[in-house]
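Here is the structure we will look at.
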Amino acid sequence: QVQPVESGGGLVQAGGSLRLSCAASGRPFTNYNMGWFRQAPGKEREFVAAISLSGQRTSYADSVKERFTISRDNAQSTVSLRMNNLKPDDTAVYYCAARLPLEGPYYLAPGIAEYDFWGPGTQVTVSS
């Protein structure tokens, strides 16, 4: 199995930027599709972005398209989430997750239940 651990969260003003990182230890990182999710207070956890094994395919929630960018460095076993033009609605705990791509290389899972391994999360707070 793989164990993700997130870092890079913090407090930022609206319109600002943050870069989250996720380091994954354990099994070969290149075996796993990776995803970012978030959970705001009082709300359910939701999909943010996902990336394929090679990093060539990405998928985003409509709410973050054109503002967030997911990327991965397989040599360093890390996945990142660059967040630009942050809004107060982006305030949440952000989670990194990993899954084996059992459906093949073209499917990027958006569902929480589709991911096998989760990090503890990192808090992002956007002030207005």
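The chains in the structure tokens are called A, B, ... from first to last as shown; in each chain the residues are counted from 1, and the ligands are counted from 1 in the order shown.
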Quiz item: Could you name the residues that touch Arg67 (chain A) at 12 Å or less, counting only C-alpha atoms, but leaving out those on the same chain fewer than 4 positions away, as a ChimeraX atom specification?
Solution: /A:15-19,48-49,60-63,81-87,90
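Using only C-alpha atoms, the contacts of Asn31 (chain A) at a cut-off of 9 Å, with sequence neighbours closer than 6 positions omitted, comprise Leu53, Arg99, Leu100 and Pro101 of chain A.
For the choices A:Val124, A:Ala113, A:Ala97, A:Ala92, the atom-to-atom distance to Ala24 (chain A) is smallest for A:Ala97 when using only C-alpha atoms.
Secondary structure from DSSP on the backbone puts strand (DSSP E) at the following positions of region 32-88 of chain A: Asn33, Met34, Gly35, Trp36, Phe37, Arg38, Gln39, Glu46, Phe47, Val48, Ala49, Ala50, Ile51, Thr58, Ser59, Tyr60, Phe68, Thr69, Ile70, Ser71, Arg72, Asp73, Thr78, Val79, Ser80, Leu81, Arg82 and Met83 of chain A.
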Exercise. Go through A:Pro105, A:Trp36, A:Ser80, A:Pro28 and flag the residue nearest Gln56 (chain A), using only C-alpha atoms for the distances.
Key: A:Pro105
Self-check item: Counting only C-alpha atoms, the option among A:Glu46, A:Tyr106, A:Tyr95, A:Phe29 closest to Ala75 (chain A)
Solution: A:Phe29
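The smallest atom-to-atom distance between Phe37 (chain A) and any of A:Thr78, A:Val12, A:Gly121, A:Thr69, using only C-alpha atoms, is found for A:Gly121.
Residue nearest Ser71 (chain A) within the list A:Asn33, A:Thr122, A:Thr91, A:Gln39: A:Asn33 [criterion: smallest interatomic distance, only C-alpha atoms].
Restricting the calculation to only C-alpha atoms, the smallest distance between Ala109 (chain A) and any of A:Ile70, A:Val64, A:Ala50, A:Val93 is found for A:Ala50.
For Pro88 (chain A), the non-local neighbours within 7 Å, defined as residues at least 4 positions apart in the same chain or in other chains and counting only C-alpha atoms, are Ala14, Val126, Ser127 and Ser128 of chain A.
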